[in-house]
Amino acid sequence: MLPELTKGALDRIMSGEEVEEPIFQVLGHKRLASSTSGERYRLLVSDGIKSNSFTMLATQLNQLVTNDVLSEHSIVQIKRYAISMVNNGGTQRRVMVILNIDVLVPGNEVGKVLGSISVDNTRTEEAGSNTALQASAAPQSKPVINNQVALKTAPRANNTSNNLNESISGSGGISTTPIAALSPYHNRWVIKARVTNKSNIRTWSNSRGEGKLFHMDLLDESGEIRCTAFREQCDKFYDMIEIGKVYFITRGVLKPANKQFNNLKNDYEMTIGNDTEIAACNEESQEIPEVQFNFVSISSIEHKQKDELIDVLGIVKFCSDVQSLTARTTGRELKKRDLSIVDENNDLINLTLWGQQAIEFNGDNNPVVAMKGVKIGEFQGGKNLSIVASSLFQVDPDLPQAHKLRGWFKTVGASEESRSISKVSADGGSMNGPWSTFKEAEEQRFGHADQPNQFITKATVNLIRSENALYKACPTEGCKKKVVDQSNGMYKCEKCQRDYPNFTYRLLASANLVDWTGHKWATAFNEQAEILVGATAQELGELKEQNNDAYLEKIGEAAFKSYIFKLRLRQETYNDENRLKATVVSIQPINYKVYTEYLLKKIKELANIKN
């Protein structure tokens, strides 16, 4: 026996009455494409007497349509909804936003329209609904949420600063507006939302002044929105906000979202102003969901655009140690760590962590990582990922997809060779390419015409020449040329044609590398040389000035240490003699999982083992 529809519920709801958990029949759906926030869907529903197409799904329920769960003729129960007022051809019209819905009977088991709905009624509701439902993505007047709690009038925009706290502490509860119904066209609202991400405080300084900011991502059962605090508001609210907690927020300033830096599914973003109030919600808020991810497969990243922000789930297959490098534009020292992550399709992509996150990350035991708003990079036709300031990064999240991925990796993924969609990164940090010993590279004529010019090898540092390993360079950003000491306290750069009162130290190390098949001299420039000697060029320069013996000892400590090297070979002519010059592209500590995988593959090739 089929459930009985809640007859007359549509008229009651659209007249402002609250109807608890009505039962409707779905007669159809239509996609509404928003310019920035992606797809939204409207439904044509019936209560057995009338039909109504002024009904829209909250974006997190889109999969019910795309997976054909809300099929034609299905019977559903609306567990939670919100009402928003929209302008439809000059007339104010209520739109029902569905926040929670249960399918009681699938459409294929019903197979017919229930009740006696006239065709004219259905067509009347259908006419003009495209315009109104599209407008509902940006409602233009104060919406009222259908909460199953006592409600109280939301504070007005000109209320004093303690009104929000007074409303919360009052006996009547507080009226809230769903995030999905926010727009710049009205300001009398209070939202109740969970903080799913909070950035570090960032500072800036330019010709217009200096300041600071932080942003947080807010989520309720209807959707999500980014909120940013600047200067005084940054100081006021930063310590108060905690990830995972729920807050009441009112009188924020709304504006169109900048999708270059914000991939949340909302056309708008919020700025905290002088009148904004934020108060902690101390009651249980189980109806507010945790962070929402929209994961894409690693293979799909191949076809996405550079700089796009996406959500990705992967398990760490390889993890490098923390590396130090100098930013080209600012000269600041940066910390980074490169990971290689795979998904269940055994596709692999390189991921870069920065700063404190890179320092604190522990890649032991192959953790699962979930990322929201990670940035796509591109180099030499390959794709890579990088965590940015707005990204959310979770390690071993309690998600069904994460548990499933962990099971796949333990049983299959850990022992299989992955297909990488990443190439060598711009700073040479990635270790992709052919493996070779020094003898094999010579036999296969690496570096000659029509042959590969780069290869990866495990080698040991035999020695580093201390003479000329350190030089005084031009202090201008981007210029690495050696300066000439004028013997008057000034240093001349021939390239820049300028004299400077100072210089910077840089390393240019000539290293003899050996493996079990032979040896090769290779040049390591500043960043790579610093890894070999375990000190910065500036530290070595100051050490040499103070104690040359200690400097020589520090250089000598680099001997007999092994690494994974990526080397580049290039033919050059010197004294009318052609020779191959080797340059260190990148250096990484030995990842024995990577190296063992290579050795096993080599053994199988030599033994002619197919599987």
# chains A, B, ... in the order shown; residues from 1 in each chain; ligands from 1
$ residues_around --residues "range 488-496 of chain A" --least-positions-apart "5" --cutoff "10 Å" --atoms "only C-alpha atoms" --output "MDAnalysis selection string"
chainID A and resid 472:476 479:483 501:503
$ write_last_selection --atoms "N, CA and C atoms" --output "PDB file, in the first residue's frame"
ATOM      1  N   LYS A 472      80.607  35.082  -4.058  1.00  0.00           N
ATOM      2  CA  LYS A 472      79.832  36.267  -3.706  1.00  0.00           C
ATOM      3  C   LYS A 472      79.014  36.694  -4.924  1.00  0.00           C
ATOM      4  N   ALA A 473      77.695  36.756  -4.733  1.00  0.00           N
ATOM      5  CA  ALA A 473      76.788  37.001  -5.858  1.00  0.00           C
ATOM      6  C   ALA A 473      76.071  38.331  -5.714  1.00  0.00           C
ATOM      7  N   CYS A 474      75.526  38.791  -6.824  1.00  0.00           N
ATOM      8  CA  CYS A 474      74.759  40.034  -6.867  1.00  0.00           C
ATOM      9  C   CYS A 474      73.547  39.929  -5.941  1.00  0.00           C
ATOM     10  N   PRO A 475      73.280  40.962  -5.119  1.00  0.00           N
ATOM     11  CA  PRO A 475      72.141  40.897  -4.196  1.00  0.00           C
ATOM     12  C   PRO A 475      70.789  41.167  -4.847  1.00  0.00           C
ATOM     13  N   THR A 476      70.785  41.576  -6.117  1.00  0.00           N
ATOM     14  CA  THR A 476      69.520  41.845  -6.802  1.00  0.00           C
ATOM     15  C   THR A 476      68.745  40.552  -7.005  1.00  0.00           C
ATOM     16  N   CYS A 479      69.136  37.893 -10.004  1.00  0.00           N
ATOM     17  CA  CYS A 479      70.477  37.937 -10.598  1.00  0.00           C
ATOM     18  C   CYS A 479      71.421  37.106  -9.744  1.00  0.00           C
ATOM     19  N   LYS A 480      72.071  36.126 -10.345  1.00  0.00           N
ATOM     20  CA  LYS A 480      72.937  35.213  -9.598  1.00  0.00           C
ATOM     21  C   LYS A 480      74.403  35.369  -9.985  1.00  0.00           C
ATOM     22  N   LYS A 481      74.705  36.440 -10.694  1.00  0.00           N
ATOM     23  CA  LYS A 481      76.064  36.620 -11.207  1.00  0.00           C
ATOM     24  C   LYS A 481      77.054  36.959 -10.091  1.00  0.00           C
ATOM     25  N   LYS A 482      78.289  36.514 -10.301  1.00  0.00           N
ATOM     26  CA  LYS A 482      79.362  36.796  -9.356  1.00  0.00           C
ATOM     27  C   LYS A 482      79.709  38.278  -9.401  1.00  0.00           C
ATOM     28  N   VAL A 483      79.922  38.878  -8.222  1.00  0.00           N
ATOM     29  CA  VAL A 483      80.287  40.291  -8.169  1.00  0.00           C
ATOM     30  C   VAL A 483      81.806  40.429  -8.043  1.00  0.00           C
ATOM     31  N   PRO A 501      76.763  47.873  -1.928  1.00  0.00           N
ATOM     32  CA  PRO A 501      77.547  47.840  -0.680  1.00  0.00           C
ATOM     33  C   PRO A 501      77.531  46.458  -0.028  1.00  0.00           C
ATOM     34  N   ASN A 502      76.787  45.529  -0.612  1.00  0.00           N
ATOM     35  CA  ASN A 502      76.677  44.192  -0.020  1.00  0.00           C
ATOM     36  C   ASN A 502      76.603  43.139  -1.121  1.00  0.00           C
ATOM     37  N   PHE A 503      76.523  41.883  -0.727  1.00  0.00           N
ATOM     38  CA  PHE A 503      76.420  40.765  -1.665  1.00  0.00           C
ATOM     39  C   PHE A 503      75.704  39.632  -0.952  1.00  0.00           C
TER      40      PHE A 503
END
$ residues_around --residues "Phe525 in chain A" --least-positions-apart "6" --cutoff "9 Å" --atoms "only C-alpha atoms" --output "PyMOL selection string"
chain A and resi 506-510+583-585
$ write_last_selection --atoms "N, CA and C atoms" --output "mmCIF file, in the first residue's frame"
data_model
loop_
_atom_site.group_PDB
_atom_site.id
_atom_site.type_symbol
_atom_site.label_atom_id
_atom_site.label_comp_id
_atom_site.auth_asym_id
_atom_site.auth_seq_id
_atom_site.Cartn_x
_atom_site.Cartn_y
_atom_site.Cartn_z
ATOM 1 N N ARG A 506 76.448 32.416 -2.583
ATOM 2 C CA ARG A 506 75.797 31.333 -3.310
ATOM 3 C C ARG A 506 76.775 30.173 -3.456
ATOM 4 N N LEU A 507 76.191 28.970 -3.558
ATOM 5 C CA LEU A 507 76.995 27.758 -3.700
ATOM 6 C C LEU A 507 76.994 27.290 -5.144
ATOM 7 N N LEU A 508 78.136 26.766 -5.590
ATOM 8 C CA LEU A 508 78.266 26.118 -6.888
ATOM 9 C C LEU A 508 79.215 24.938 -6.669
ATOM 10 N N ALA A 509 78.630 23.809 -6.286
ATOM 11 C CA ALA A 509 79.431 22.676 -5.820
ATOM 12 C C ALA A 509 79.696 21.691 -6.944
ATOM 13 N N SER A 510 80.954 21.289 -7.073
ATOM 14 C CA SER A 510 81.333 20.223 -7.996
ATOM 15 C C SER A 510 81.485 18.954 -7.171
ATOM 16 N N THR A 583 74.542 17.858 -14.545
ATOM 17 C CA THR A 583 74.014 18.832 -13.597
ATOM 18 C C THR A 583 72.991 18.143 -12.703
ATOM 19 N N VAL A 584 73.029 18.452 -11.419
ATOM 20 C CA VAL A 584 72.048 17.898 -10.488
ATOM 21 C C VAL A 584 70.751 18.678 -10.623
ATOM 22 N N VAL A 585 69.698 17.989 -11.038
ATOM 23 C CA VAL A 585 68.384 18.616 -11.169
ATOM 24 C C VAL A 585 67.675 18.643 -9.826
#
$ closest_residue --among "A:Ala558, A:Arg568, A:Thr203, A:Thr504" --to "Asn453 in chain A" --atoms "only C-alpha atoms"
A:Arg568
$ residues_around --residues "Arg579 in chain A" --least-positions-apart "4" --cutoff "10 Å" --atoms "only C-alpha atoms" --output "list of chain:residue names"
A:Leu569, A:Arg570, A:Gln571, A:Glu572, A:Thr573, A:Tyr574
$ select_by_dssp --residues "range 294-516 of chain A" --states "helix (DSSP H, G or I)" --output "PyMOL selection string"
chain A and resi 299-303+355-360+400-411+413-415+438-443
$ residues_around --residues "Gly48 in chain A" --least-positions-apart "5" --cutoff "7 Å" --atoms "only C-alpha atoms" --output "ChimeraX atom specification"
/A:5,7,114-117
$ write_last_selection --atoms "C-alpha atoms" --output "compact mmCIF listing (two decimals), in the first residue's frame"
# COMPACT_ATOMS: atom_id res chain seq x y z
CA LEU A 5 0.14 12.26 0.20
CA LYS A 7 -3.22 16.78 0.62
CA LEU A 114 -1.43 9.96 -7.68
CA GLY A 115 -4.54 12.01 -6.91
CA SER A 116 -6.61 14.12 -9.26
CA ILE A 117 -4.35 16.89 -10.47
$ closest_residue --among "A:Ala537, A:Val316, A:Ile376, A:Ile298" --to "Arg419 in chain A" --atoms "only C-alpha atoms"
A:Ile298
$ closest_atom_pairs --of "range 379-445 of chain A" --to "range 343-361 of chain A" --cutoff "9 Å" --atoms "only C-alpha atoms" --output "tab-separated table"
residue	atom	partner	partner_atom	distance
A:Lys383	CA	A:Ile349	CA	7.3
A:Asn384	CA	A:Asn350	CA	5.1
A:Leu385	CA	A:Leu351	CA	4.6
A:Ser386	CA	A:Thr352	CA	4.7
A:Ile387	CA	A:Leu353	CA	5.7
A:Val388	CA	A:Trp354	CA	8.2
A:Val395	CA	A:Phe361	CA	9.0
A:Lys404	CA	A:Glu344	CA	8.7
A:Leu405	CA	A:Glu344	CA	6.2
A:Trp408	CA	A:Glu344	CA	6.6
A:Phe409	CA	A:Glu344	CA	7.7
A:Gly413	CA	A:Asn346	CA	6.6
A:Glu416	CA	A:Asn346	CA	8.0
A:Glu417	CA	A:Asn346	CA	7.9
A:Ser418	CA	A:Asn346	CA	5.2
A:Arg419	CA	A:Asp347	CA	4.9
A:Ser420	CA	A:Leu348	CA	4.5
A:Ile421	CA	A:Ile349	CA	5.7
A:Ser422	CA	A:Ile349	CA	5.4
A:Lys423	CA	A:Asn350	CA	8.5
A:Ser425	CA	A:Asn350	CA	8.9
A:Ser430	CA	A:Asn350	CA	7.3
$ closest_residue --among "A:Ile288, A:Val461, A:Leu540, A:Ile243" --to "Lys192 in chain A" --atoms "only C-alpha atoms"
A:Ile288
$ closest_atom_pairs --of "range 217-267 of chain A" --to "range 99-111 of chain A" --cutoff "12 Å" --atoms "only C-alpha atoms" --output "Markdown table"
| residue | atom | partner | partner_atom | distance |
| --- | --- | --- | --- | --- |
| A:Asp220 | CA | A:Leu99 | CA | 9.6 |
| A:Glu221 | CA | A:Leu99 | CA | 6.1 |
| A:Ser222 | CA | A:Leu99 | CA | 5.6 |
| A:Gly223 | CA | A:Leu99 | CA | 9.1 |
$ write_last_selection --atoms "all heavy atoms" --output "PDB file, in the first residue's frame"
ATOM      1  N   ASP A 220      26.171  24.927   6.569  1.00  0.00           N
ATOM      2  CA  ASP A 220      24.955  24.458   7.235  1.00  0.00           C
ATOM      3  C   ASP A 220      24.291  23.424   6.349  1.00  0.00           C
ATOM      4  O   ASP A 220      24.877  22.987   5.339  1.00  0.00           O
ATOM      5  CB  ASP A 220      24.024  25.618   7.608  1.00  0.00           C
ATOM      6  CG  ASP A 220      23.356  26.278   6.398  1.00  0.00           C
ATOM      7  OD1 ASP A 220      23.521  25.787   5.252  1.00  0.00           O
ATOM      8  OD2 ASP A 220      22.668  27.299   6.588  1.00  0.00           O
ATOM      9  N   GLU A 221      23.077  23.016   6.697  1.00  0.00           N
ATOM     10  CA  GLU A 221      22.448  21.928   5.950  1.00  0.00           C
ATOM     11  C   GLU A 221      22.019  22.334   4.556  1.00  0.00           C
ATOM     12  O   GLU A 221      21.673  21.482   3.734  1.00  0.00           O
ATOM     13  CB  GLU A 221      21.235  21.381   6.724  1.00  0.00           C
ATOM     14  CG  GLU A 221      20.116  22.390   6.917  1.00  0.00           C
ATOM     15  CD  GLU A 221      20.287  23.193   8.207  1.00  0.00           C
ATOM     16  OE1 GLU A 221      21.417  23.593   8.520  1.00  0.00           O
ATOM     17  OE2 GLU A 221      19.287  23.412   8.892  1.00  0.00           O
ATOM     18  N   SER A 222      22.077  23.645   4.241  1.00  0.00           N
ATOM     19  CA  SER A 222      21.646  24.095   2.917  1.00  0.00           C
ATOM     20  C   SER A 222      22.803  24.368   1.971  1.00  0.00           C
ATOM     21  O   SER A 222      22.625  24.367   0.762  1.00  0.00           O
ATOM     22  CB  SER A 222      20.799  25.365   3.046  1.00  0.00           C
ATOM     23  OG  SER A 222      21.617  26.493   3.352  1.00  0.00           O
ATOM     24  N   GLY A 223      23.996  24.622   2.501  1.00  0.00           N
ATOM     25  CA  GLY A 223      25.109  24.966   1.623  1.00  0.00           C
ATOM     26  C   GLY A 223      26.297  25.480   2.408  1.00  0.00           C
ATOM     27  O   GLY A 223      26.385  25.320   3.633  1.00  0.00           O
TER      28      GLY A 223
END
$ closest_residue --among "A:Gln546, A:Ser436, A:Gln486, A:Gln451" --to "Leu567 in chain A" --atoms "only C-alpha atoms"
A:Ser436
$ select_by_dssp --residues "range 330-465 of chain A" --states "strand (DSSP E)" --output "PyMOL selection string"
chain A and resi 333-342+347-354+368-379+382-386+392-395+419-420+454-464
$ residues_around --residues "Pro589 in chain A" --least-positions-apart "2" --cutoff "7 Å" --atoms "only C-alpha atoms" --output "list in words"
Asp321, Tyr563, Ile564, Ile587 and Asn591 of chain A
$ closest_residue --among "A:Asn362, A:Asn52, A:Ser487, A:Ser391" --to "Met216 in chain A" --atoms "only C-alpha atoms"
A:Ser391
$ residues_around --residues "Thr250 in chain A" --least-positions-apart "5" --cutoff "7 Å" --atoms "only C-alpha atoms" --output "MDAnalysis selection string"
chainID A and resid 189:191 276:278
$ write_last_selection --atoms "C-alpha atoms" --output "tab-separated table (two decimals), in the first residue's frame"
chain	number	residue	atom	x	y	z
A	189	TRP	CA	19.41	37.53	8.73
A	190	VAL	CA	21.16	35.26	11.20
A	191	ILE	CA	22.89	32.09	10.06
A	276	THR	CA	29.04	41.91	12.31
A	277	GLU	CA	28.24	39.78	15.36
A	278	ILE	CA	29.45	36.24	15.96
